[in-house]
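What follows is the content of work.txt (compact mmCIF, all heavy atoms).
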# COMPACT_ATOMS: atom_id res chain seq x y z
N MET S 1 -5.16 7.56 -4.60
CA MET S 1 -5.01 6.79 -5.80
C MET S 1 -6.38 6.54 -6.40
O MET S 1 -7.31 6.17 -5.70
CB MET S 1 -4.31 5.46 -5.45
CG MET S 1 -4.21 4.52 -6.58
SD MET S 1 -3.51 2.89 -6.22
CE MET S 1 -2.22 3.22 -5.12
N THR S 2 -6.48 6.76 -7.67
CA THR S 2 -7.76 6.52 -8.33
C THR S 2 -7.96 5.02 -8.58
O THR S 2 -7.01 4.24 -8.50
CB THR S 2 -7.81 7.26 -9.68
OG1 THR S 2 -6.83 6.70 -10.55
CG2 THR S 2 -7.60 8.74 -9.52
N ASP S 3 -9.18 4.65 -8.89
CA ASP S 3 -9.47 3.24 -9.15
C ASP S 3 -8.75 2.76 -10.41
O ASP S 3 -8.33 1.61 -10.49
CB ASP S 3 -10.97 3.02 -9.29
CG ASP S 3 -11.68 3.14 -7.95
OD1 ASP S 3 -11.03 2.92 -6.90
OD2 ASP S 3 -12.88 3.47 -7.94
N ALA S 4 -8.58 3.63 -11.40
CA ALA S 4 -7.86 3.24 -12.62
C ALA S 4 -6.39 2.97 -12.32
O ALA S 4 -5.81 2.01 -12.83
CB ALA S 4 -8.00 4.34 -13.67
N GLU S 5 -5.77 3.83 -11.49
CA GLU S 5 -4.38 3.61 -11.09
C GLU S 5 -4.26 2.32 -10.28
O GLU S 5 -3.32 1.55 -10.46
CB GLU S 5 -3.87 4.79 -10.27
CG GLU S 5 -3.71 6.06 -11.05
CD GLU S 5 -3.41 7.25 -10.17
OE1 GLU S 5 -3.81 7.24 -8.99
OE2 GLU S 5 -2.78 8.19 -10.66
N ARG S 6 -5.21 2.08 -9.43
CA ARG S 6 -5.21 0.87 -8.61
C ARG S 6 -5.29 -0.39 -9.47
O ARG S 6 -4.62 -1.37 -9.22
CB ARG S 6 -6.36 0.91 -7.61
CG ARG S 6 -6.64 -0.36 -6.88
CD ARG S 6 -5.55 -0.68 -5.88
NE ARG S 6 -5.89 -1.91 -5.20
CZ ARG S 6 -5.05 -2.91 -5.02
NH1 ARG S 6 -3.82 -2.81 -5.43
NH2 ARG S 6 -5.43 -4.00 -4.40
N ALA S 7 -6.11 -0.34 -10.52
CA ALA S 7 -6.25 -1.49 -11.41
C ALA S 7 -4.93 -1.81 -12.11
O ALA S 7 -4.58 -2.98 -12.27
CB ALA S 7 -7.34 -1.23 -12.43
N GLN S 8 -4.19 -0.79 -12.52
CA GLN S 8 -2.90 -1.01 -13.17
C GLN S 8 -1.88 -1.62 -12.20
O GLN S 8 -1.14 -2.53 -12.56
CB GLN S 8 -2.35 0.28 -13.75
CG GLN S 8 -3.10 0.76 -14.96
CD GLN S 8 -2.53 2.06 -15.49
OE1 GLN S 8 -1.82 2.76 -14.79
NE2 GLN S 8 -2.86 2.37 -16.74
N ILE S 9 -1.84 -1.11 -11.00
CA ILE S 9 -0.88 -1.60 -10.01
C ILE S 9 -1.28 -2.99 -9.53
O ILE S 9 -0.44 -3.86 -9.32
CB ILE S 9 -0.78 -0.61 -8.83
CG1 ILE S 9 -0.10 0.67 -9.31
CG2 ILE S 9 -0.01 -1.21 -7.67
CD1 ILE S 9 -0.08 1.77 -8.30
N HIS S 10 -2.56 -3.23 -9.38
CA HIS S 10 -3.04 -4.52 -8.88
C HIS S 10 -2.62 -5.67 -9.78
O HIS S 10 -2.34 -6.77 -9.31
CB HIS S 10 -4.56 -4.49 -8.73
CG HIS S 10 -5.13 -5.74 -8.16
ND1 HIS S 10 -4.92 -6.11 -6.85
CD2 HIS S 10 -5.89 -6.72 -8.71
CE1 HIS S 10 -5.53 -7.26 -6.63
NE2 HIS S 10 -6.13 -7.66 -7.74
N ALA S 11 -2.54 -5.41 -11.08
CA ALA S 11 -2.14 -6.46 -12.03
C ALA S 11 -0.70 -6.91 -11.80
O ALA S 11 -0.35 -8.05 -12.10
CB ALA S 11 -2.32 -5.96 -13.45
N SER S 12 0.16 -6.03 -11.26
CA SER S 12 1.57 -6.39 -11.08
C SER S 12 1.93 -6.79 -9.65
O SER S 12 3.07 -7.15 -9.40
CB SER S 12 2.46 -5.22 -11.51
OG SER S 12 2.21 -4.10 -10.69
N THR S 13 0.98 -6.73 -8.73
CA THR S 13 1.28 -7.15 -7.36
C THR S 13 0.99 -8.63 -7.19
O THR S 13 0.04 -9.16 -7.76
CB THR S 13 0.46 -6.34 -6.33
OG1 THR S 13 -0.92 -6.47 -6.63
CG2 THR S 13 0.85 -4.87 -6.33
N PRO S 14 1.80 -9.32 -6.41
CA PRO S 14 1.59 -10.76 -6.23
C PRO S 14 0.37 -11.05 -5.35
O PRO S 14 -0.02 -10.24 -4.51
CB PRO S 14 2.86 -11.22 -5.52
CG PRO S 14 3.38 -10.00 -4.83
CD PRO S 14 2.98 -8.84 -5.70
N VAL S 15 -0.22 -12.20 -5.57
CA VAL S 15 -1.34 -12.65 -4.75
C VAL S 15 -0.77 -13.22 -3.46
O VAL S 15 0.16 -14.02 -3.50
CB VAL S 15 -2.17 -13.72 -5.49
CG1 VAL S 15 -3.28 -14.25 -4.61
CG2 VAL S 15 -2.73 -13.16 -6.77
N PRO S 16 -1.27 -12.81 -2.30
CA PRO S 16 -0.75 -13.35 -1.04
C PRO S 16 -0.90 -14.87 -0.97
O PRO S 16 -1.89 -15.43 -1.45
CB PRO S 16 -1.61 -12.67 0.02
CG PRO S 16 -2.16 -11.45 -0.64
CD PRO S 16 -2.29 -11.80 -2.08
N ALA S 17 0.09 -15.51 -0.38
CA ALA S 17 0.10 -16.98 -0.30
C ALA S 17 -1.10 -17.51 0.47
O ALA S 17 -1.66 -18.55 0.09
CB ALA S 17 1.39 -17.44 0.37
N TRP S 18 -1.54 -16.82 1.50
CA TRP S 18 -2.65 -17.33 2.31
C TRP S 18 -3.96 -17.34 1.52
O TRP S 18 -4.85 -18.13 1.81
CB TRP S 18 -2.79 -16.55 3.61
CG TRP S 18 -3.19 -15.11 3.44
CD1 TRP S 18 -2.38 -14.05 3.22
CD2 TRP S 18 -4.52 -14.59 3.48
NE1 TRP S 18 -3.11 -12.90 3.11
CE2 TRP S 18 -4.43 -13.20 3.27
CE3 TRP S 18 -5.77 -15.16 3.67
CZ2 TRP S 18 -5.53 -12.38 3.24
CZ3 TRP S 18 -6.87 -14.32 3.64
CH2 TRP S 18 -6.74 -12.95 3.44
N LEU S 19 -4.07 -16.47 0.49
CA LEU S 19 -5.28 -16.48 -0.32
C LEU S 19 -5.30 -17.66 -1.29
O LEU S 19 -6.36 -18.08 -1.75
CB LEU S 19 -5.39 -15.18 -1.12
CG LEU S 19 -5.86 -13.95 -0.36
CD1 LEU S 19 -5.85 -12.73 -1.25
CD2 LEU S 19 -7.24 -14.16 0.23
N GLU S 20 -4.13 -18.18 -1.61
CA GLU S 20 -4.03 -19.31 -2.51
C GLU S 20 -3.93 -20.64 -1.77
O GLU S 20 -3.70 -21.67 -2.38
CB GLU S 20 -2.83 -19.15 -3.44
CG GLU S 20 -2.97 -17.98 -4.39
CD GLU S 20 -1.80 -17.85 -5.33
OE1 GLU S 20 -0.68 -18.28 -4.97
OE2 GLU S 20 -2.00 -17.33 -6.42
N GLY S 21 -4.04 -20.60 -0.45
CA GLY S 21 -4.00 -21.82 0.34
C GLY S 21 -2.60 -22.40 0.53
O GLY S 21 -2.44 -23.57 0.82
N ARG S 22 -1.56 -21.56 0.39
CA ARG S 22 -0.20 -22.04 0.56
C ARG S 22 0.36 -21.75 1.95
O ARG S 22 1.55 -21.84 2.17
CB ARG S 22 0.72 -21.38 -0.48
CG ARG S 22 0.37 -21.77 -1.90
CD ARG S 22 1.30 -21.11 -2.87
NE ARG S 22 1.21 -19.66 -2.68
CZ ARG S 22 1.98 -18.78 -3.28
NH1 ARG S 22 2.91 -19.16 -4.10
NH2 ARG S 22 1.81 -17.49 -3.07
N GLY S 23 -0.49 -21.38 2.86
CA GLY S 23 -0.03 -21.09 4.22
C GLY S 23 0.22 -19.61 4.42
O GLY S 23 -0.12 -18.78 3.59
N GLY S 24 0.83 -19.31 5.53
CA GLY S 24 1.09 -17.92 5.87
C GLY S 24 -0.09 -17.31 6.60
O GLY S 24 -1.09 -17.96 6.88
N ARG S 25 0.06 -16.06 6.94
CA ARG S 25 -1.03 -15.38 7.64
C ARG S 25 -1.40 -14.11 6.88
O ARG S 25 -0.60 -13.59 6.11
CB ARG S 25 -0.62 -15.06 9.07
CG ARG S 25 0.58 -14.19 9.18
CD ARG S 25 0.94 -13.95 10.62
NE ARG S 25 2.15 -13.14 10.67
CZ ARG S 25 2.85 -12.94 11.74
NH1 ARG S 25 2.50 -13.50 12.87
NH2 ARG S 25 3.92 -12.20 11.70
N PRO S 26 -2.58 -13.61 7.11
CA PRO S 26 -3.02 -12.40 6.41
C PRO S 26 -2.12 -11.21 6.72
O PRO S 26 -1.54 -11.10 7.80
CB PRO S 26 -4.43 -12.16 6.93
CG PRO S 26 -4.88 -13.48 7.46
CD PRO S 26 -3.64 -14.17 7.94
N GLU S 27 -2.01 -10.31 5.75
CA GLU S 27 -1.21 -9.12 5.96
C GLU S 27 -1.87 -8.19 6.96
O GLU S 27 -3.08 -8.22 7.14
CB GLU S 27 -1.01 -8.37 4.64
CG GLU S 27 -0.09 -9.07 3.68
CD GLU S 27 -0.86 -9.67 2.53
OE1 GLU S 27 -2.09 -9.52 2.47
OE2 GLU S 27 -0.21 -10.31 1.69
N ALA S 28 -1.06 -7.34 7.57
CA ALA S 28 -1.58 -6.40 8.55
C ALA S 28 -2.15 -5.15 7.88
O ALA S 28 -3.00 -4.47 8.46
CB ALA S 28 -0.48 -6.01 9.53
N PHE S 29 -1.68 -4.83 6.67
CA PHE S 29 -2.11 -3.61 5.99
C PHE S 29 -2.63 -3.93 4.59
O PHE S 29 -2.17 -4.86 3.94
CB PHE S 29 -0.96 -2.61 5.87
CG PHE S 29 -0.45 -2.12 7.19
CD1 PHE S 29 0.74 -2.60 7.70
CD2 PHE S 29 -1.16 -1.20 7.92
CE1 PHE S 29 1.21 -2.16 8.92
CE2 PHE S 29 -0.70 -0.74 9.13
CZ PHE S 29 0.49 -1.21 9.64
N CYS S 30 -3.54 -3.14 4.14
CA CYS S 30 -4.09 -3.23 2.79
C CYS S 30 -3.01 -2.82 1.79
O CYS S 30 -2.27 -1.86 2.02
CB CYS S 30 -5.30 -2.32 2.69
SG CYS S 30 -5.96 -2.13 1.04
N HIS S 31 -2.92 -3.51 0.65
CA HIS S 31 -1.93 -3.15 -0.36
C HIS S 31 -2.14 -1.74 -0.88
O HIS S 31 -1.18 -1.02 -1.15
CB HIS S 31 -1.99 -4.14 -1.52
CG HIS S 31 -1.38 -5.46 -1.20
ND1 HIS S 31 -1.13 -6.41 -2.14
CD2 HIS S 31 -0.96 -6.01 -0.04
CE1 HIS S 31 -0.59 -7.47 -1.60
NE2 HIS S 31 -0.50 -7.25 -0.31
N ARG S 32 -3.39 -1.34 -1.01
CA ARG S 32 -3.67 0.01 -1.49
C ARG S 32 -3.13 1.07 -0.52
O ARG S 32 -2.57 2.07 -0.95
CB ARG S 32 -5.17 0.18 -1.69
CG ARG S 32 -5.53 1.48 -2.36
CD ARG S 32 -7.01 1.54 -2.65
NE ARG S 32 -7.28 2.60 -3.59
CZ ARG S 32 -8.31 2.62 -4.38
NH1 ARG S 32 -9.18 1.65 -4.37
NH2 ARG S 32 -8.50 3.62 -5.21
N GLU S 33 -3.27 0.84 0.78
CA GLU S 33 -2.74 1.78 1.77
C GLU S 33 -1.22 1.84 1.72
O GLU S 33 -0.62 2.91 1.87
CB GLU S 33 -3.19 1.38 3.17
CG GLU S 33 -4.66 1.61 3.43
CD GLU S 33 -5.06 1.16 4.82
OE1 GLU S 33 -4.20 0.68 5.58
OE2 GLU S 33 -6.25 1.29 5.14
N MET S 34 -0.58 0.69 1.50
CA MET S 34 0.89 0.68 1.43
C MET S 34 1.39 1.43 0.20
O MET S 34 2.36 2.19 0.29
CB MET S 34 1.40 -0.76 1.41
CG MET S 34 1.22 -1.46 2.74
SD MET S 34 2.04 -3.06 2.84
CE MET S 34 0.94 -4.06 1.85
N VAL S 35 0.72 1.27 -0.93
CA VAL S 35 1.12 1.99 -2.14
C VAL S 35 0.87 3.49 -1.95
O VAL S 35 1.70 4.31 -2.34
CB VAL S 35 0.39 1.44 -3.38
CG1 VAL S 35 0.65 2.31 -4.60
CG2 VAL S 35 0.83 0.02 -3.65
N ASP S 36 -0.24 3.85 -1.33
CA ASP S 36 -0.51 5.26 -1.03
C ASP S 36 0.58 5.84 -0.13
O ASP S 36 1.02 6.97 -0.32
CB ASP S 36 -1.87 5.44 -0.38
CG ASP S 36 -3.02 5.33 -1.37
OD1 ASP S 36 -2.76 5.45 -2.59
OD2 ASP S 36 -4.16 5.13 -0.92
N ALA S 37 1.03 5.07 0.85
CA ALA S 37 2.09 5.53 1.74
C ALA S 37 3.40 5.74 0.98
O ALA S 37 4.09 6.74 1.18
CB ALA S 37 2.30 4.53 2.88
N LEU S 38 3.74 4.82 0.09
CA LEU S 38 4.95 4.97 -0.71
C LEU S 38 4.87 6.20 -1.61
O LEU S 38 5.84 6.95 -1.75
CB LEU S 38 5.18 3.73 -1.56
CG LEU S 38 5.63 2.49 -0.82
CD1 LEU S 38 5.60 1.29 -1.74
CD2 LEU S 38 7.02 2.69 -0.26
N ARG S 39 3.72 6.40 -2.22
CA ARG S 39 3.55 7.57 -3.08
C ARG S 39 3.67 8.86 -2.27
O ARG S 39 4.21 9.85 -2.75
CB ARG S 39 2.21 7.50 -3.80
CG ARG S 39 2.19 6.40 -4.85
CD ARG S 39 0.86 6.32 -5.51
NE ARG S 39 0.60 7.58 -6.21
CZ ARG S 39 -0.44 7.79 -6.98
NH1 ARG S 39 -1.32 6.84 -7.16
NH2 ARG S 39 -0.62 8.94 -7.57
N HIS S 40 3.18 8.85 -1.05
CA HIS S 40 3.27 10.04 -0.19
C HIS S 40 4.74 10.35 0.12
O HIS S 40 5.16 11.51 0.04
CB HIS S 40 2.50 9.81 1.10
CG HIS S 40 2.63 10.93 2.06
ND1 HIS S 40 1.90 12.10 1.95
CD2 HIS S 40 3.43 11.10 3.15
CE1 HIS S 40 2.24 12.92 2.93
NE2 HIS S 40 3.17 12.33 3.66
N VAL S 41 5.52 9.33 0.44
CA VAL S 41 6.93 9.55 0.77
C VAL S 41 7.70 10.03 -0.46
O VAL S 41 8.54 10.93 -0.37
CB VAL S 41 7.57 8.26 1.35
CG1 VAL S 41 9.07 8.40 1.46
CG2 VAL S 41 6.97 7.97 2.71
N VAL S 42 7.41 9.45 -1.62
CA VAL S 42 8.08 9.88 -2.85
C VAL S 42 7.73 11.33 -3.16
O VAL S 42 8.59 12.11 -3.57
CB VAL S 42 7.71 8.94 -4.01
CG1 VAL S 42 8.15 9.51 -5.35
CG2 VAL S 42 8.33 7.57 -3.79
N ASP S 43 6.50 11.70 -2.96
CA ASP S 43 6.06 13.06 -3.26
C ASP S 43 6.61 14.08 -2.27
O ASP S 43 7.07 15.14 -2.66
CB ASP S 43 4.53 13.12 -3.27
CG ASP S 43 4.00 14.48 -3.65
OD1 ASP S 43 4.52 15.07 -4.61
OD2 ASP S 43 3.06 14.95 -3.00
N ASN S 44 6.58 13.77 -0.98
CA ASN S 44 6.93 14.75 0.05
C ASN S 44 8.31 14.55 0.66
O ASN S 44 8.75 15.36 1.46
CB ASN S 44 5.90 14.70 1.19
CG ASN S 44 4.56 15.20 0.75
OD1 ASN S 44 4.48 16.20 0.07
ND2 ASN S 44 3.52 14.49 1.11
N GLY S 45 8.95 13.45 0.34
CA GLY S 45 10.22 13.16 0.99
C GLY S 45 9.97 12.58 2.37
O GLY S 45 8.86 12.16 2.68
N ALA S 46 10.98 12.54 3.18
CA ALA S 46 10.86 11.91 4.49
C ALA S 46 10.75 12.96 5.60
O ALA S 46 11.38 12.84 6.64
CB ALA S 46 12.05 11.00 4.73
N LYS S 47 9.95 13.98 5.39
CA LYS S 47 9.74 15.01 6.41
C LYS S 47 8.76 14.49 7.45
O LYS S 47 7.61 14.18 7.13
CB LYS S 47 9.20 16.28 5.78
CG LYS S 47 10.15 16.89 4.78
CD LYS S 47 9.49 18.07 4.12
CE LYS S 47 9.86 18.04 2.67
NZ LYS S 47 8.88 18.51 1.78
N TRP S 48 9.19 14.35 8.65
CA TRP S 48 8.37 13.76 9.71
C TRP S 48 7.10 14.55 9.93
O TRP S 48 6.03 14.00 10.15
CB TRP S 48 9.19 13.67 10.99
CG TRP S 48 8.45 12.99 12.09
CD1 TRP S 48 7.92 13.55 13.20
CD2 TRP S 48 8.14 11.59 12.18
NE1 TRP S 48 7.31 12.60 13.98
CE2 TRP S 48 7.43 11.38 13.36
CE3 TRP S 48 8.39 10.49 11.35
CZ2 TRP S 48 6.98 10.14 13.75
CZ3 TRP S 48 7.94 9.25 11.76
CH2 TRP S 48 7.23 9.09 12.94
N ARG S 49 7.17 15.87 9.88
CA ARG S 49 5.98 16.69 10.14
C ARG S 49 4.93 16.58 9.03
O ARG S 49 3.77 16.88 9.25
CB ARG S 49 6.37 18.15 10.32
CG ARG S 49 6.99 18.40 11.69
CD ARG S 49 7.37 19.84 11.82
NE ARG S 49 8.80 19.86 11.48
CZ ARG S 49 9.49 20.91 11.14
NH1 ARG S 49 8.90 22.07 11.08
NH2 ARG S 49 10.76 20.84 10.86
N ALA S 50 5.35 16.14 7.83
CA ALA S 50 4.42 16.03 6.72
C ALA S 50 3.69 14.67 6.71
O ALA S 50 2.79 14.48 5.91
CB ALA S 50 5.15 16.21 5.40
N VAL S 51 4.07 13.75 7.58
CA VAL S 51 3.47 12.44 7.61
C VAL S 51 2.07 12.53 8.22
O VAL S 51 1.90 13.07 9.31
CB VAL S 51 4.34 11.45 8.41
CG1 VAL S 51 3.67 10.10 8.53
CG2 VAL S 51 5.70 11.31 7.78
N PRO S 52 1.05 12.02 7.53
CA PRO S 52 -0.32 12.06 8.08
C PRO S 52 -0.43 11.21 9.34
O PRO S 52 0.34 10.27 9.54
CB PRO S 52 -1.18 11.49 6.97
CG PRO S 52 -0.34 11.43 5.77
CD PRO S 52 1.07 11.46 6.19
N ALA S 53 -1.40 11.51 10.16
CA ALA S 53 -1.58 10.79 11.41
C ALA S 53 -1.98 9.35 11.18
O ALA S 53 -1.65 8.47 11.98
CB ALA S 53 -2.65 11.48 12.26
N ASP S 54 -2.65 9.06 10.06
CA ASP S 54 -3.09 7.68 9.79
C ASP S 54 -2.14 6.94 8.85
O ASP S 54 -2.52 5.97 8.20
CB ASP S 54 -4.51 7.68 9.22
CG ASP S 54 -4.61 8.45 7.92
OD1 ASP S 54 -3.67 9.20 7.58
OD2 ASP S 54 -5.62 8.30 7.22
N PHE S 55 -0.89 7.35 8.79
CA PHE S 55 0.12 6.72 7.95
C PHE S 55 0.35 5.28 8.40
O PHE S 55 0.64 5.05 9.57
CB PHE S 55 1.41 7.53 8.06
CG PHE S 55 2.43 7.24 7.01
CD1 PHE S 55 2.24 7.69 5.72
CD2 PHE S 55 3.60 6.57 7.31
CE1 PHE S 55 3.18 7.46 4.75
CE2 PHE S 55 4.55 6.34 6.34
CZ PHE S 55 4.35 6.77 5.06
N PRO S 56 0.21 4.29 7.48
CA PRO S 56 0.34 2.89 7.92
C PRO S 56 1.76 2.49 8.29
O PRO S 56 2.70 2.93 7.76
CB PRO S 56 -0.16 2.10 6.74
CG PRO S 56 -0.17 3.00 5.58
CD PRO S 56 -0.16 4.39 6.09

What is this structure when it is put down as structure tokens?
Amino acid sequence: MTDAERAQIHASTPVPAWLEGRGGRPEAFCHREMVDALRHVVDNGAKWRAVPADFP
């Protein structure tokens, strides 16, 4: 994902509650990695052999 694409998506993603002091715990994965993973599945389908080794 390019930085320009990330900027567009970042505007529509919610701010985590723990960053705003409303409790909760930090996420386990970066939002950018999760969006990259979703884009990979949409592009390649759910083929197990096509999944990268570092897939979150």

Secondary structure check, helix (DSSP H, G or I) residues of chain S, as number ranges by chain: S: 3-12, 17-20, 31-44, 48-50

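Atom O of S:His40 to atom CG of S:His10 spans 21.7 Å [interatomic distance, one decimal].
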
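Note that the spacing between atom CA of S:Ala4 and atom CA of S:Ala50 amounts to 26.2 Å.
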
Coordinates-based distance that separates atom OG1 of S:Thr2 from atom CG of S:Pro14 (Å, one decimal): 20.4 Å

Neighbour list for S:Met34 as a list of chain:residue names, cut-off 12 Å, only C-alpha atoms, skip fewer than 4 positions in-chain: S:Met1, S:Arg6, S:Ile9, S:Thr13, S:Glu27, S:Ala28, S:Phe29, S:Cys30, S:Leu38, S:Arg39, S:His40, S:Val41, S:Asp54, S:Phe55, S:Pro56

With all heavy atoms retained, could you export that selection as a CSV table (one decimal), keeping the file's coordinate frame?
chain,number,residue,atom,x,y,z
S,1,MET,N,-5.2,7.6,-4.6
S,1,MET,CA,-5.0,6.8,-5.8
S,1,MET,C,-6.4,6.5,-6.4
S,1,MET,O,-7.3,6.2,-5.7
S,1,MET,CB,-4.3,5.5,-5.4
S,1,MET,CG,-4.2,4.5,-6.6
S,1,MET,SD,-3.5,2.9,-6.2
S,1,MET,CE,-2.2,3.2,-5.1
S,6,ARG,N,-5.2,2.1,-9.4
S,6,ARG,CA,-5.2,0.9,-8.6
S,6,ARG,C,-5.3,-0.4,-9.5
S,6,ARG,O,-4.6,-1.4,-9.2
S,6,ARG,CB,-6.4,0.9,-7.6
S,6,ARG,CG,-6.6,-0.4,-6.9
S,6,ARG,CD,-5.6,-0.7,-5.9
S,6,ARG,NE,-5.9,-1.9,-5.2
S,6,ARG,CZ,-5.0,-2.9,-5.0
S,6,ARG,NH1,-3.8,-2.8,-5.4
S,6,ARG,NH2,-5.4,-4.0,-4.4
S,9,ILE,N,-1.8,-1.1,-11.0
S,9,ILE,CA,-0.9,-1.6,-10.0
S,9,ILE,C,-1.3,-3.0,-9.5
S,9,ILE,O,-0.4,-3.9,-9.3
S,9,ILE,CB,-0.8,-0.6,-8.8
S,9,ILE,CG1,-0.1,0.7,-9.3
S,9,ILE,CG2,0.0,-1.2,-7.7
S,9,ILE,CD1,-0.1,1.8,-8.3
S,13,THR,N,1.0,-6.7,-8.7
S,13,THR,CA,1.3,-7.2,-7.4
S,13,THR,C,1.0,-8.6,-7.2
S,13,THR,O,0.0,-9.2,-7.8
S,13,THR,CB,0.5,-6.3,-6.3
S,13,THR,OG1,-0.9,-6.5,-6.6
S,13,THR,CG2,0.8,-4.9,-6.3
S,27,GLU,N,-2.0,-10.3,5.8
S,27,GLU,CA,-1.2,-9.1,6.0
S,27,GLU,C,-1.9,-8.2,7.0
S,27,GLU,O,-3.1,-8.2,7.1
S,27,GLU,CB,-1.0,-8.4,4.6
S,27,GLU,CG,-0.1,-9.1,3.7
S,27,GLU,CD,-0.9,-9.7,2.5
S,27,GLU,OE1,-2.1,-9.5,2.5
S,27,GLU,OE2,-0.2,-10.3,1.7
S,28,ALA,N,-1.1,-7.3,7.6
S,28,ALA,CA,-1.6,-6.4,8.6
S,28,ALA,C,-2.2,-5.2,7.9
S,28,ALA,O,-3.0,-4.5,8.5
S,28,ALA,CB,-0.5,-6.0,9.5
S,29,PHE,N,-1.7,-4.8,6.7
S,29,PHE,CA,-2.1,-3.6,6.0
S,29,PHE,C,-2.6,-3.9,4.6
S,29,PHE,O,-2.2,-4.9,3.9
S,29,PHE,CB,-1.0,-2.6,5.9
S,29,PHE,CG,-0.4,-2.1,7.2
S,29,PHE,CD1,0.7,-2.6,7.7
S,29,PHE,CD2,-1.2,-1.2,7.9
S,29,PHE,CE1,1.2,-2.2,8.9
S,29,PHE,CE2,-0.7,-0.7,9.1
S,29,PHE,CZ,0.5,-1.2,9.6
S,30,CYS,N,-3.5,-3.1,4.1
S,30,CYS,CA,-4.1,-3.2,2.8
S,30,CYS,C,-3.0,-2.8,1.8
S,30,CYS,O,-2.3,-1.9,2.0
S,30,CYS,CB,-5.3,-2.3,2.7
S,30,CYS,SG,-6.0,-2.1,1.0
S,38,LEU,N,3.7,4.8,0.1
S,38,LEU,CA,5.0,5.0,-0.7
S,38,LEU,C,4.9,6.2,-1.6
S,38,LEU,O,5.8,7.0,-1.8
S,38,LEU,CB,5.2,3.7,-1.6
S,38,LEU,CG,5.6,2.5,-0.8
S,38,LEU,CD1,5.6,1.3,-1.7
S,38,LEU,CD2,7.0,2.7,-0.3
S,39,ARG,N,3.7,6.4,-2.2
S,39,ARG,CA,3.6,7.6,-3.1
S,39,ARG,C,3.7,8.9,-2.3
S,39,ARG,O,4.2,9.8,-2.8
S,39,ARG,CB,2.2,7.5,-3.8
S,39,ARG,CG,2.2,6.4,-4.8
S,39,ARG,CD,0.9,6.3,-5.5
S,39,ARG,NE,0.6,7.6,-6.2
S,39,ARG,CZ,-0.4,7.8,-7.0
S,39,ARG,NH1,-1.3,6.8,-7.2
S,39,ARG,NH2,-0.6,8.9,-7.6
S,40,HIS,N,3.2,8.8,-1.0
S,40,HIS,CA,3.3,10.0,-0.2
S,40,HIS,C,4.7,10.4,0.1
S,40,HIS,O,5.2,11.5,0.0
S,40,HIS,CB,2.5,9.8,1.1
S,40,HIS,CG,2.6,10.9,2.1
S,40,HIS,ND1,1.9,12.1,2.0
S,40,HIS,CD2,3.4,11.1,3.2
S,40,HIS,CE1,2.2,12.9,2.9
S,40,HIS,NE2,3.2,12.3,3.7
S,41,VAL,N,5.5,9.3,0.4
S,41,VAL,CA,6.9,9.6,0.8
S,41,VAL,C,7.7,10.0,-0.5
S,41,VAL,O,8.5,10.9,-0.4
S,41,VAL,CB,7.6,8.3,1.4
S,41,VAL,CG1,9.1,8.4,1.5
S,41,VAL,CG2,7.0,8.0,2.7
S,54,ASP,N,-2.6,9.1,10.1
S,54,ASP,CA,-3.1,7.7,9.8
S,54,ASP,C,-2.1,6.9,8.8
S,54,ASP,O,-2.5,6.0,8.2
S,54,ASP,CB,-4.5,7.7,9.2
S,54,ASP,CG,-4.6,8.4,7.9
S,54,ASP,OD1,-3.7,9.2,7.6
S,54,ASP,OD2,-5.6,8.3,7.2
S,55,PHE,N,-0.9,7.4,8.8
S,55,PHE,CA,0.1,6.7,8.0
S,55,PHE,C,0.4,5.3,8.4
S,55,PHE,O,0.6,5.0,9.6
S,55,PHE,CB,1.4,7.5,8.1
S,55,PHE,CG,2.4,7.2,7.0
S,55,PHE,CD1,2.2,7.7,5.7
S,55,PHE,CD2,3.6,6.6,7.3
S,55,PHE,CE1,3.2,7.5,4.8
S,55,PHE,CE2,4.6,6.3,6.3
S,55,PHE,CZ,4.4,6.8,5.1
S,56,PRO,N,0.2,4.3,7.5
S,56,PRO,CA,0.3,2.9,7.9
S,56,PRO,C,1.8,2.5,8.3
S,56,PRO,O,2.7,2.9,7.8
S,56,PRO,CB,-0.2,2.1,6.7
S,56,PRO,CG,-0.2,3.0,5.6
S,56,PRO,CD,-0.2,4.4,6.1
